[in-house]
Structures are given as C-alpha cells and as structure tokens.
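K.L.:
Handing over structure-v8.cif, mmCIF, C-alpha atoms.
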```cif
data_coords
#
loop_
_atom_site.label_atom_id
_atom_site.label_comp_id
_atom_site.auth_asym_id
_atom_site.auth_seq_id
_atom_site.Cartn_x
_atom_site.Cartn_y
_atom_site.Cartn_z
CA MET A 1 119.60 197.21 145.13
CA ALA A 2 122.31 198.56 147.36
CA ALA A 3 122.24 200.71 150.43
CA VAL A 4 119.47 203.25 150.03
CA LEU A 5 119.30 206.88 150.92
CA PRO A 6 116.68 207.94 153.42
CA ALA A 7 113.29 208.29 151.74
CA VAL A 8 113.16 212.05 152.23
CA VAL A 9 116.45 212.48 150.38
CA GLU A 10 115.40 210.18 147.54
CA GLN A 11 112.17 212.12 147.19
CA LEU A 12 113.84 215.49 147.13
CA LEU A 13 116.35 214.38 144.51
CA SER A 14 113.70 212.93 142.24
CA GLU A 15 111.52 216.03 142.55
CA MET A 16 114.50 218.15 141.67
CA ALA A 17 115.32 215.97 138.69
CA ALA A 18 111.83 216.51 137.34
CA ALA A 19 111.84 220.23 137.97
CA VAL A 20 115.33 221.33 137.05
CA GLN A 21 116.18 221.92 133.43
CA GLU A 22 119.63 221.01 132.23
CA ASN A 23 122.24 223.50 133.45
CA ALA A 24 119.59 225.80 134.82
CA ARG A 25 119.46 227.24 138.30
CA ILE A 26 117.93 225.18 141.06
CA PRO A 27 114.68 226.79 142.25
CA ASP A 28 114.87 228.40 145.67
CA GLU A 29 112.45 225.99 147.33
CA TYR A 30 114.81 223.11 146.60
CA LEU A 31 117.81 225.06 147.80
CA LEU A 32 116.00 225.60 151.07
CA SER A 33 115.18 221.92 151.39
CA LEU A 34 118.78 221.02 150.64
CA LYS A 35 120.03 223.35 153.32
CA PHE A 36 117.51 222.03 155.77
CA LEU A 37 118.51 218.44 155.16
CA PHE A 38 122.23 218.83 154.77
CA GLY A 39 123.26 222.05 156.50
CA SER A 40 126.55 223.51 155.40
CA SER A 41 127.32 220.48 153.23
CA ALA A 42 124.59 221.69 150.87
CA THR A 43 126.40 224.96 150.14
CA GLN A 44 129.71 223.22 149.74
CA ALA A 45 128.21 220.62 147.43
CA LEU A 46 126.54 223.25 145.26
CA ASP A 47 129.86 225.02 145.09
CA LEU A 48 131.54 221.86 143.86
CA VAL A 49 128.90 221.50 141.16
CA ASP A 50 129.34 225.13 140.08
CA ARG A 51 133.07 224.66 139.80
CA GLN A 52 132.62 221.59 137.58
CA SER A 53 134.49 219.48 140.10
CA ILE A 54 132.64 216.25 139.41
CA THR A 55 133.73 213.84 136.72
CA LEU A 56 131.80 210.79 135.62
CA ILE A 57 134.28 208.13 134.59
CA SER A 58 132.69 205.56 132.34
CA SER A 59 133.96 202.47 130.59
CA PRO A 60 132.71 200.37 127.68
CA SER A 61 131.46 197.71 130.10
CA GLY A 62 128.94 200.15 131.55
CA ARG A 63 130.59 200.22 134.93
CA HIS A 64 131.38 203.70 136.10
CA ALA A 65 132.59 205.74 139.03
CA TYR A 66 132.70 209.40 139.98
CA GLN A 67 135.68 211.48 140.95
CA VAL A 68 135.30 214.74 142.79
CA LEU A 69 138.03 217.34 143.06
CA GLY A 70 137.79 218.46 146.65
CA SER A 71 138.45 221.95 147.89
CA SER A 72 141.82 220.82 149.24
CA GLY A 73 142.93 219.80 145.77
CA LYS A 74 142.62 216.10 146.54
CA THR A 75 140.53 213.89 144.32
CA TYR A 76 138.06 211.52 145.89
CA THR A 77 136.37 208.54 144.34
CA CYS A 78 132.64 208.07 144.82
CA LEU A 79 130.58 204.99 144.10
CA ALA A 80 127.05 206.20 143.52
CA SER A 81 125.54 202.71 143.42
CA CYS A 82 126.16 202.18 147.11
CA HIS A 83 126.71 205.72 148.39
CA TYR A 84 130.39 205.47 149.17
CA CYS A 85 133.05 208.17 149.17
CA SER A 86 136.75 207.81 149.88
CA CYS A 87 137.04 211.10 151.76
CA PRO A 88 137.90 211.18 155.49
CA ALA A 89 134.70 213.06 156.31
CA PHE A 90 132.64 210.18 154.98
CA ALA A 91 134.64 207.70 157.01
CA PHE A 92 134.32 209.74 160.15
CA SER A 93 130.89 211.22 160.25
CA VAL A 94 128.89 208.91 158.07
CA LEU A 95 130.34 205.56 158.98
CA ARG A 96 131.36 206.12 162.54
CA LYS A 97 129.04 208.64 164.00
CA SER A 98 126.16 208.03 161.61
CA ASP A 99 124.75 211.51 162.05
CA SER A 100 125.45 212.89 158.60
CA ILE A 101 123.60 211.29 155.77
CA LEU A 102 126.08 212.10 153.03
CA CYS A 103 129.39 213.88 152.67
CA LYS A 104 129.54 216.95 150.44
CA HIS A 105 131.22 215.01 147.62
CA LEU A 106 128.45 212.42 147.40
CA LEU A 107 125.84 215.15 147.61
CA ALA A 108 127.65 216.98 144.81
CA VAL A 109 127.53 213.81 142.72
CA TYR A 110 123.77 213.44 143.19
CA LEU A 111 123.16 217.10 142.49
CA SER A 112 125.18 216.88 139.30
CA GLN A 113 123.10 213.85 138.29
CA VAL A 114 119.92 215.80 138.92
CA MET A 115 121.17 218.81 137.02
CA ARG A 116 122.65 216.60 134.35
CA THR A 117 125.87 218.49 134.37
CA CYS A 118 129.28 217.07 135.05
CA GLN A 119 132.53 216.42 133.29
CA GLN A 120 132.68 213.18 131.37
CA LEU A 121 135.69 210.98 130.96
CA SER A 122 135.73 207.73 128.99
CA VAL A 123 138.33 205.18 129.92
CA SER A 124 138.98 201.58 128.97
CA ASP A 125 137.74 198.73 131.15
CA LYS A 126 141.29 198.08 132.28
CA GLN A 127 141.82 201.73 133.19
CA LEU A 128 138.67 201.72 135.29
CA THR A 129 139.96 198.68 137.16
CA ASP A 130 143.15 200.57 137.94
CA ILE A 131 141.23 203.62 139.10
CA LEU A 132 139.11 201.53 141.45
CA LEU A 133 142.16 199.64 142.72
CA MET A 134 144.06 202.84 143.39
CA GLU A 135 141.70 203.63 146.24
CA LYS A 136 143.05 200.72 148.17
CA LYS A 137 145.74 201.98 150.45
CA GLN A 138 149.05 201.88 148.64
CA GLU A 139 151.36 202.12 151.62
CA ALA A 140 152.85 198.81 152.57
CA MET B 1 118.53 188.34 148.58
CA ALA B 2 116.32 187.56 151.53
CA GLU B 3 113.72 186.12 149.17
CA THR B 4 116.04 183.44 147.85
CA LEU B 5 117.14 182.59 151.38
CA ARG B 6 113.54 182.49 152.52
CA ARG B 7 112.70 180.06 149.73
CA VAL B 8 115.53 177.83 150.89
CA LEU B 9 114.39 178.03 154.48
CA THR B 10 110.70 177.50 153.82
CA ARG B 11 111.01 174.62 151.43
CA ASP B 12 110.75 172.13 154.25
CA GLY B 13 108.04 174.08 156.00
CA ALA B 14 104.75 175.60 155.02
CA ALA B 15 104.53 177.36 151.70
CA TRP B 16 104.92 181.08 151.91
CA SER B 17 101.57 182.48 150.90
CA GLY B 18 100.98 185.52 148.77
CA GLU B 19 104.34 185.55 147.05
CA GLU B 20 104.58 186.51 143.45
CA ASN B 21 106.88 184.43 141.39
CA THR B 22 109.11 187.28 140.30
CA PRO B 23 112.76 186.67 141.05
CA VAL B 24 113.62 190.05 142.46
CA ALA B 25 116.91 189.95 144.31
CA GLY B 26 116.05 192.38 147.07
CA PRO B 27 118.55 194.16 149.28
CA PRO B 28 121.98 192.63 149.99
CA LEU B 29 121.85 190.12 152.80
CA LEU B 30 124.33 189.44 155.57
CA LEU B 31 124.43 186.01 157.13
CA LEU B 32 125.89 186.02 160.64
CA GLY B 33 126.78 183.27 163.03
CA ALA B 34 129.48 181.64 165.14
CA PRO B 35 131.80 178.99 163.70
CA GLY B 36 129.93 175.84 162.80
CA SER B 37 126.51 177.49 162.79
CA GLY B 38 125.79 176.47 159.22
CA LYS B 39 126.53 179.66 157.31
CA THR B 40 128.45 177.97 154.51
CA THR B 41 125.76 175.33 154.18
CA LEU B 42 123.02 177.94 153.94
CA LEU B 43 125.05 180.03 151.53
CA PHE B 44 125.59 177.03 149.33
CA ALA B 45 121.90 176.13 149.49
CA ALA B 46 121.05 179.66 148.37
CA ALA B 47 123.52 179.23 145.50
CA LEU B 48 121.77 176.04 144.40
CA GLU B 49 118.38 177.70 144.71
CA ALA B 50 119.41 180.65 142.57
CA ALA B 51 121.13 178.38 140.05
CA GLY B 52 117.90 176.46 139.67
CA GLU B 53 115.95 179.59 138.82
CA GLY B 54 117.61 179.75 135.43
CA GLN B 55 118.44 183.42 135.74
CA GLY B 56 122.13 183.09 135.12
CA PRO B 57 125.30 181.74 136.70
CA VAL B 58 126.11 182.11 140.36
CA LEU B 59 129.47 183.40 141.54
CA PHE B 60 130.66 181.93 144.85
CA LEU B 61 133.71 183.54 146.39
CA THR B 62 135.55 181.98 149.29
CA ARG B 63 139.09 181.94 150.51
CA ARG B 64 139.68 178.21 150.35
CA PRO B 65 138.08 175.55 148.20
CA LEU B 66 135.31 173.81 150.12
CA GLN B 67 136.64 170.48 151.37
CA SER B 68 133.42 168.82 150.42
CA LEU B 69 130.19 170.15 149.08
CA PRO B 70 127.87 170.93 151.97
CA ARG B 71 125.14 168.39 152.49
CA GLY B 72 122.54 170.98 151.76
CA THR B 73 118.99 171.13 152.91
CA GLY B 74 117.37 168.20 151.19
CA THR B 75 117.64 169.47 147.64
CA THR B 76 119.26 166.87 145.49
CA ARG B 77 122.52 168.33 144.33
CA ASP B 78 121.39 168.46 140.75
CA PRO B 79 124.48 168.48 138.50
CA MET B 80 122.80 171.00 136.21
CA ARG B 81 122.58 173.43 139.10
CA LEU B 82 126.10 172.71 140.29
CA GLN B 83 127.44 173.50 136.85
CA LYS B 84 126.02 176.97 137.09
CA ILE B 85 127.95 177.81 140.23
CA ARG B 86 131.33 179.36 139.49
CA PHE B 87 133.75 179.13 142.38
CA GLN B 88 136.62 181.53 142.80
CA TYR B 89 139.13 181.53 145.64
CA PRO B 90 140.80 184.91 146.18
CA PRO B 91 143.59 183.99 148.65
CA SER B 92 144.06 187.45 150.12
CA THR B 93 142.24 190.71 150.65
CA ARG B 94 144.26 192.30 147.88
CA GLU B 95 143.22 189.55 145.48
CA LEU B 96 139.60 190.02 146.47
CA PHE B 97 139.91 193.74 145.78
CA ARG B 98 141.46 192.96 142.41
CA LEU B 99 138.70 190.52 141.57
CA LEU B 100 135.95 193.00 142.44
CA CYS B 101 137.61 195.99 140.75
CA SER B 102 138.06 194.04 137.54
CA ALA B 103 134.68 192.30 137.56
CA HIS B 104 133.50 194.41 134.64
CA GLU B 105 136.39 193.20 132.47
CA ALA B 106 135.22 189.59 132.50
CA SER B 107 133.28 188.44 129.49
CA GLY B 108 130.40 186.03 129.48
CA PRO B 109 126.99 186.25 131.08
CA ALA B 110 126.72 188.26 134.26
CA PRO B 111 125.94 186.31 137.43
CA SER B 112 122.50 186.57 138.93
CA LEU B 113 123.87 186.02 142.42
CA LEU B 114 127.14 186.96 144.06
CA LEU B 115 128.06 185.15 147.27
CA LEU B 116 131.01 185.65 149.57
CA ASP B 117 131.84 183.27 152.42
CA GLY B 118 134.15 184.25 155.25
CA LEU B 119 134.11 188.04 155.02
CA GLU B 120 135.74 188.17 158.45
CA GLU B 121 138.91 186.56 157.09
CA TYR B 122 139.32 189.26 154.46
CA LEU B 123 138.53 192.04 156.91
CA ALA B 124 141.00 190.69 159.47
CA GLU B 125 143.89 191.47 157.16
CA ASP B 126 143.02 195.15 157.10
CA PRO B 127 141.67 196.39 160.40
CA GLU B 128 141.16 199.95 159.13
CA PRO B 129 137.44 200.76 158.92
CA GLN B 130 137.95 202.78 155.74
CA GLU B 131 139.37 199.73 153.98
CA ALA B 132 136.53 197.58 155.29
CA ALA B 133 134.03 200.15 154.04
CA TYR B 134 135.63 200.21 150.60
CA LEU B 135 135.63 196.42 150.36
CA ILE B 136 131.96 196.25 151.24
CA ALA B 137 131.14 199.13 148.91
CA LEU B 138 132.94 197.30 146.08
CA LEU B 139 130.92 194.16 146.75
CA LEU B 140 127.75 196.20 146.36
CA ASP B 141 129.06 198.06 143.35
CA THR B 142 130.06 194.80 141.66
CA ALA B 143 126.57 193.38 142.23
CA ALA B 144 125.10 196.63 140.89
CA HIS B 145 127.23 196.34 137.77
CA PHE B 146 126.09 192.75 137.23
CA SER B 147 122.49 193.92 137.66
CA HIS B 148 123.08 196.50 134.97
CA ARG B 149 124.51 193.88 132.61
CA LEU B 150 121.60 191.52 133.26
CA GLY B 151 119.30 194.12 131.81
CA PRO B 152 116.06 195.78 132.84
CA GLY B 153 113.89 193.93 135.33
CA ARG B 154 116.69 191.66 136.46
CA ASP B 155 118.97 192.02 139.43
CA CYS B 156 122.09 190.40 140.75
CA GLY B 157 121.66 189.53 144.40
CA LEU B 158 124.40 189.73 147.02
CA MET B 159 124.77 187.48 150.02
CA VAL B 160 127.73 187.59 152.38
CA ALA B 161 128.52 185.37 155.34
CA LEU B 162 130.40 186.73 158.35
CA GLN B 163 131.61 184.74 161.31
CA THR B 164 130.92 186.36 164.63
CA LYS B 165 132.88 185.94 167.83
CA GLU B 166 131.63 184.98 171.26
CA GLU B 167 132.45 188.36 172.74
CA ALA B 168 132.38 191.49 170.67
CA ASP B 169 134.98 194.17 171.24
CA SER B 170 134.65 197.83 170.31
CA GLY B 171 136.09 197.23 166.84
CA ASP B 172 133.43 194.65 166.21
CA VAL B 173 130.68 197.02 167.26
CA LEU B 174 131.90 199.55 164.73
CA LEU B 175 132.12 196.92 162.05
CA LEU B 176 128.62 195.71 162.76
CA ALA B 177 127.25 199.26 162.47
CA LEU B 178 129.02 199.57 159.14
CA LEU B 179 127.63 196.27 157.93
CA GLN B 180 124.09 197.12 159.00
CA ARG B 181 124.33 200.29 156.98
CA TYR B 182 125.20 198.43 153.82
CA PHE B 183 123.23 195.22 154.37
CA PRO B 184 119.59 196.03 155.06
CA ALA B 185 118.69 192.35 155.19
CA GLN B 186 120.24 190.08 157.77
CA CYS B 187 119.96 186.50 158.93
CA TRP B 188 121.35 185.54 162.31
CA LEU B 189 122.18 181.95 163.19
CA GLN B 190 122.34 181.50 166.95
CA PRO B 191 122.45 178.43 169.13
CA ASP B 192 118.98 178.10 170.56
CA ALA B 193 116.26 175.57 170.90
CA PRO B 194 112.50 175.80 171.08
CA GLY B 195 112.22 173.77 174.22
CA PRO B 196 114.11 172.02 176.99
CA GLY B 197 116.12 169.00 175.96
CA GLU B 198 116.34 170.13 172.34
CA HIS B 199 119.26 171.72 170.57
CA GLY B 200 120.07 173.35 167.30
CA LEU B 201 120.09 176.86 165.96
CA ARG B 202 117.61 179.64 165.58
CA ALA B 203 117.79 181.29 162.17
CA CYS B 204 116.28 184.73 162.35
CA LEU B 205 115.68 186.41 159.01
CA GLU B 206 115.17 190.17 158.81
CA PRO B 207 114.32 190.95 155.20
CA GLY B 208 115.13 194.63 155.59
CA GLY B 209 111.74 196.22 155.25
CA LEU B 210 110.32 193.78 152.74
CA GLY B 211 108.37 191.82 155.26
CA PRO B 212 108.17 190.69 158.85
CA ARG B 213 110.95 188.99 160.73
CA THR B 214 110.67 185.23 160.49
CA GLU B 215 112.44 182.47 162.36
CA TRP B 216 113.37 178.91 161.70
CA TRP B 217 114.78 176.06 163.72
CA VAL B 218 117.87 174.54 162.16
CA THR B 219 119.40 171.23 163.16
CA PHE B 220 122.01 168.99 161.67
CA ARG B 221 121.50 165.28 161.32
CA SER B 222 124.34 162.91 162.13
CA ASP B 223 125.17 162.64 158.43
CA GLY B 224 125.56 166.40 158.24
CA GLU B 225 122.30 167.09 156.47
CA MET B 226 120.65 170.34 157.51
CA MET B 227 117.03 170.13 158.64
CA ILE B 228 114.92 173.23 158.77
CA ALA B 229 111.53 173.83 160.29
CA PRO B 230 109.61 176.98 161.17
CA TRP B 231 110.39 178.12 164.68
CA PRO B 232 107.49 177.04 166.82
CA THR B 233 105.57 179.92 168.34
CA GLN B 234 102.80 178.29 170.29
CA ALA B 235 101.04 180.43 172.85
CA GLY B 236 102.85 180.17 176.15
CA ASP B 237 106.09 179.14 174.49
CA PRO B 238 108.74 180.83 176.65
CA SER B 239 111.16 181.30 173.77
CA SER B 240 108.79 182.90 171.34
CA GLY B 241 110.13 186.37 172.02
CA LYS B 242 107.34 188.77 171.16
CA GLY B 243 104.79 189.07 173.95
CA SER B 244 101.13 188.98 172.96
CA SER B 245 100.22 185.38 173.55
CA SER B 246 97.21 184.74 175.69
CA GLY B 247 98.19 181.39 177.11
CA GLY B 248 99.54 180.97 180.59
CA GLN B 249 101.39 177.94 181.84
CA PRO B 250 99.71 174.76 180.67
#
```
Rewrite the structure of this file - the entire thing - as structure tokens.

P.N.:
Amino acid sequence: MAAVLPAVVEQLLSEMAAAVQENARIPDEYLLSLKFLFGSSATQALDLVDRQSITLISSPSGRHAYQVLGSSGKTYTCLASCHYCSCPAFAFSVLRKSDSILCKHLLAVYLSQVMRTCQQLSVSDKQLTDILLMEKKQEA
Amino acid sequence: MAETLRRVLTRDGAAWSGEENTPVAGPPLLLLGAPGSGKTTLLFAAALEAAGEGQGPVLFLTRRPLQSLPRGTGTTRDPMRLQKIRFQYPPSTRELFRLLCSAHEASGPAPSLLLLDGLEEYLAEDPEPQEAAYLIALLLDTAAHFSHRLGPGRDCGLMVALQTKEEADSGDVLLLALLQRYFPAQCWLQPDAPGPGEHGLRACLEPGGLGPRTEWWVTFRSDGEMMIAPWPTQAGDPSSGKGSSSGGQP
C-alpha cells in the first residue's frame, strides 16, 4: 500500500488493538512502550485522545480523513492511509529531519483507531473534496 | 507497482522464476531519470501491461497530451488495452490537487493503476516542501481510496515519473528524501553502458523490500522503439557494481 510505519510501531499498534477493549484504559505495559518509542509525543497524543480531539470524517464514497484539534486551537488534517499530517511539526521533524517517526496528531489518530474511540462526522462526497482542498495553501 | 514494471522489463529477457500470478500492486514506485531517458515510454508500457491484466481501467495523468503514443517495448499496442487507459491532463498544480481531492466523487469502476508523468512540473509551481508533501500524500491517498473501492484482495498501484536534473541543489536533496519516504520502490534510468563502445541506459529497479535490486540495459532503436535486456553481469565485468566475482582480467 502506501508508506508504511516502522515494523516495531505497526506491531505495537496491532498488539494494542487486540488487547484494548473499547474505551477502556490502555494497559501500563503499552503505555511504557509508547513512551519509549515516541517520548513526549506519546503523552501529548494520549491527551488528545482523552480530550476527544480526533474526528473521523467519512463520506458515502468510503474515502475519509481525520481532523485533530491541536492544543493551540488549530485543526489539522491527517491522512492515515499514507501517514501525513498538515501540522508544522510533521513538516519539520518528520519530513526534514527524519528523526521523529510520527507527530503527536498522527499518533493520536492511530491510538484512537486502536481504542476505537473518536468523534464521527459524516459529510457528503463534495464536502470531503472541499475539506481536502482546503489544506492547500489559500494565500495567493 | 514494481511487479508490473518488472514484468514490462523482463518480457524481452529471461522469465522471472518463482513468481506467483497474483496481481498485487506492491508499494508505490517512483521512476527517475534525466530528460529523454525513457520515463514516459516506460510509464506508458506499464499502463499497457496493467490494462492487459483485466483488473480495471488505468488512469494516466500528465500535464500535456502525449504528442504521439510512445513506441513501447515490443508489445503490440492492442486497441483493447489502449481503450482501458484513461488520460487526463491537469494543466496546473491546483488542477491536479482538485482532481486528486475529488477522485472519490467520480463514478464508474475504480482504476487498478494510477500513473503520473512529470511530477517535477507540478512541484516546480510550488516550491514549499509542505505543499509537495501534501501533493504526494494525496497521490497515495487517492490510490488507497481506489484500492478500497476495488474491494478485498485487489489494489490500485501508483507509479510516478520524476525528471531529475544534472546537478542537484539542496532543495532537490530535500525533495528526494521526501520522495524516498513515500515511494519505497524506485527505478532509476541513468545513461550507462555495459561495455566500451556501447551506449544506452541502465534501468535499476529497487522493489522496496520485495526482492533484490535488478538491472536492465535499455536502448532505443532508430525508429524510437525501446529495447530492453537484462544488464550483463559476467564475472570480471567492470560495470557490474557489486564485488564478489572471481574473474580477473581476461
């Protein structure tokens, strides 16, 4: 498929998905692994999940995207299929420096998938197009 | 995507042994080369190959209509296959964004292969890396959506051609790192020849973890037809790259 996460991250996420019941607490061993892999982003991502900051936007066509309400109040768009986030941290550390694996918003999206908890928003196909297009810089 | 390209490249050469006949798309593939290195021809050949597999239509995106259909690699340009290739010509980066963002609105069968020729032209309009990253992410997301519409067990492949320059500047290095992150499979077309007095291009295919790196020798006949042969790797061949051969100078 698309760009893949490192194997260790994929494995951790799938183990968590199997172990975590819907809306239940994440067992400590996984929290430790998350912190080991992601450092402070893990805490921030968990916080985003707790605050219900992630919304899955779906359309009748089946195409979907995620939006995450960041701590600054700004909303970022995440494409889970290819591990993309519109936030500046993603652009800087993930794309340029390549030392972080994921930004906290993408991690929050994957955690909310694992825990099967996030806000849901249904929009029309046309509305989803507009949402995706909006990410393109609007300034002339 | 490397699998389809490999089938195109090996058709003239030895059969690839041990392959199962399952049309799995594989990771997105980036085709790189200087102007005139045959990227469009290879891309088009991959389009014909995928169209012939009967998995669904092929979507070929390029900025300008092709002046003439590339001569191809020896496959007869079967009209049935050609009919399955849908060409679209987004004239600007904004139009390409619009096309990709609205891909889910289109009705009809989902394509089994998405191809884009001339990525560098679209990226040149918007030098910001964030915009480039979003464009590439949308290409992948569009292919992922098509895969979803094709149903379980079927995938939409993605193949993108990018023209490289003679000398890379720092912006190019950044772009290349970005591209390598999103395109695990790559095929480089570089001017090279297996021996003195010969010319042509070396096509080096890295399937992105699905198999070893393989190389082919690509030449163009005077009528424009592309000829492909496996890159010779006889012992003692000075251009064979990896060490290991036992032969000395003959």

K.L.:
On this structure, the PyMOL selection byres ((chain B) within 10 of (chain A)) would catch which residues? List them as a ChimeraX atom specification, sorted by chain and number.

P.N.:
/B:1,24-28,94,97-107,126,129-131,133-149,155-158,174-175,177-184

K.L.:
Give me a file of those residues, with C-alpha atoms, as a PDB file, keeping the file's coordinate frame.

P.N.:
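And here is the file that came out, part.pdb:
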```pdb
ATOM      1  CA  MET B   1     118.530 188.340 148.580  1.00  0.00           C
ATOM      2  CA  VAL B  24     113.620 190.050 142.460  1.00  0.00           C
ATOM      3  CA  ALA B  25     116.910 189.950 144.310  1.00  0.00           C
ATOM      4  CA  GLY B  26     116.050 192.380 147.070  1.00  0.00           C
ATOM      5  CA  PRO B  27     118.550 194.160 149.280  1.00  0.00           C
ATOM      6  CA  PRO B  28     121.980 192.630 149.990  1.00  0.00           C
ATOM      7  CA  ARG B  94     144.260 192.300 147.880  1.00  0.00           C
ATOM      8  CA  PHE B  97     139.910 193.740 145.780  1.00  0.00           C
ATOM      9  CA  ARG B  98     141.460 192.960 142.410  1.00  0.00           C
ATOM     10  CA  LEU B  99     138.700 190.520 141.570  1.00  0.00           C
ATOM     11  CA  LEU B 100     135.950 193.000 142.440  1.00  0.00           C
ATOM     12  CA  CYS B 101     137.610 195.990 140.750  1.00  0.00           C
ATOM     13  CA  SER B 102     138.060 194.040 137.540  1.00  0.00           C
ATOM     14  CA  ALA B 103     134.680 192.300 137.560  1.00  0.00           C
ATOM     15  CA  HIS B 104     133.500 194.410 134.640  1.00  0.00           C
ATOM     16  CA  GLU B 105     136.390 193.200 132.470  1.00  0.00           C
ATOM     17  CA  ALA B 106     135.220 189.590 132.500  1.00  0.00           C
ATOM     18  CA  SER B 107     133.280 188.440 129.490  1.00  0.00           C
ATOM     19  CA  ASP B 126     143.020 195.150 157.100  1.00  0.00           C
ATOM     20  CA  PRO B 129     137.440 200.760 158.920  1.00  0.00           C
ATOM     21  CA  GLN B 130     137.950 202.780 155.740  1.00  0.00           C
ATOM     22  CA  GLU B 131     139.370 199.730 153.980  1.00  0.00           C
ATOM     23  CA  ALA B 133     134.030 200.150 154.040  1.00  0.00           C
ATOM     24  CA  TYR B 134     135.630 200.210 150.600  1.00  0.00           C
ATOM     25  CA  LEU B 135     135.630 196.420 150.360  1.00  0.00           C
ATOM     26  CA  ILE B 136     131.960 196.250 151.240  1.00  0.00           C
ATOM     27  CA  ALA B 137     131.140 199.130 148.910  1.00  0.00           C
ATOM     28  CA  LEU B 138     132.940 197.300 146.080  1.00  0.00           C
ATOM     29  CA  LEU B 139     130.920 194.160 146.750  1.00  0.00           C
ATOM     30  CA  LEU B 140     127.750 196.200 146.360  1.00  0.00           C
ATOM     31  CA  ASP B 141     129.060 198.060 143.350  1.00  0.00           C
ATOM     32  CA  THR B 142     130.060 194.800 141.660  1.00  0.00           C
ATOM     33  CA  ALA B 143     126.570 193.380 142.230  1.00  0.00           C
ATOM     34  CA  ALA B 144     125.100 196.630 140.890  1.00  0.00           C
ATOM     35  CA  HIS B 145     127.230 196.340 137.770  1.00  0.00           C
ATOM     36  CA  PHE B 146     126.090 192.750 137.230  1.00  0.00           C
ATOM     37  CA  SER B 147     122.490 193.920 137.660  1.00  0.00           C
ATOM     38  CA  HIS B 148     123.080 196.500 134.970  1.00  0.00           C
ATOM     39  CA  ARG B 149     124.510 193.880 132.610  1.00  0.00           C
ATOM     40  CA  ASP B 155     118.970 192.020 139.430  1.00  0.00           C
ATOM     41  CA  CYS B 156     122.090 190.400 140.750  1.00  0.00           C
ATOM     42  CA  GLY B 157     121.660 189.530 144.400  1.00  0.00           C
ATOM     43  CA  LEU B 158     124.400 189.730 147.020  1.00  0.00           C
ATOM     44  CA  LEU B 174     131.900 199.550 164.730  1.00  0.00           C
ATOM     45  CA  LEU B 175     132.120 196.920 162.050  1.00  0.00           C
ATOM     46  CA  ALA B 177     127.250 199.260 162.470  1.00  0.00           C
ATOM     47  CA  LEU B 178     129.020 199.570 159.140  1.00  0.00           C
ATOM     48  CA  LEU B 179     127.630 196.270 157.930  1.00  0.00           C
ATOM     49  CA  GLN B 180     124.090 197.120 159.000  1.00  0.00           C
ATOM     50  CA  ARG B 181     124.330 200.290 156.980  1.00  0.00           C
ATOM     51  CA  TYR B 182     125.200 198.430 153.820  1.00  0.00           C
ATOM     52  CA  PHE B 183     123.230 195.220 154.370  1.00  0.00           C
ATOM     53  CA  PRO B 184     119.590 196.030 155.060  1.00  0.00           C
TER      54      PRO B 184
END
```

K.L.:
Rounded to one decimal place, report the atom CA of B:Phe44-atom CA of B:Asp117 distance in Å.

P.N.:
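It comes out at 9.4 Å.
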
K.L.:
Once the PyMOL selection byres ((chain B and resi 34) around 9) has been applied to the shown file, what residues remain in the selection, as a PyMOL selection string?

P.N.:
chain B and resi 32-33+35-39+162-166+189-191

K.L.:
Select, from A:Ala89, A:Ser41, A:Leu121, A:Tyr30, the residue with the minimum atom-to-atom distance to A:Ala17, counting all atoms listed in the file.

P.N.:
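Going through A:Ala89, A:Ser41, A:Leu121, A:Tyr30 one by one, the smallest distance to A:Ala17 is for A:Tyr30.
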
K.L.:
What would the selection look like, as a ChimeraX atom specification, if the PyMOL selection byres ((chain B and resi 219-224) around 9) were run on the coordinates I just shared?

P.N.:
/B:38,70-72,199-202,217-218,225-229

K.L.:
Give me the residues within 12 Å of A:Ala19 as a ChimeraX atom specification, counting only C-alpha atoms and dropping any in the same chain fewer than 5 places off.

P.N.:
/A:12-14,24-30,114-116

K.L.:
As an exercise, work out the distance from atom CA of B:Val58 to atom CA of B:Lys84 in Å and give it to one decimal place.

P.N.:
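Distance reported for this atom pair: 6.1 Å.
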
K.L.:
So what do you get for atom CA of B:Ser68 versus atom CA of B:Leu115, distance-wise?

P.N.:
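Straight-line distance from atom CA of B:Ser68 to atom CA of B:Leu115 works out to 17.5 Å.
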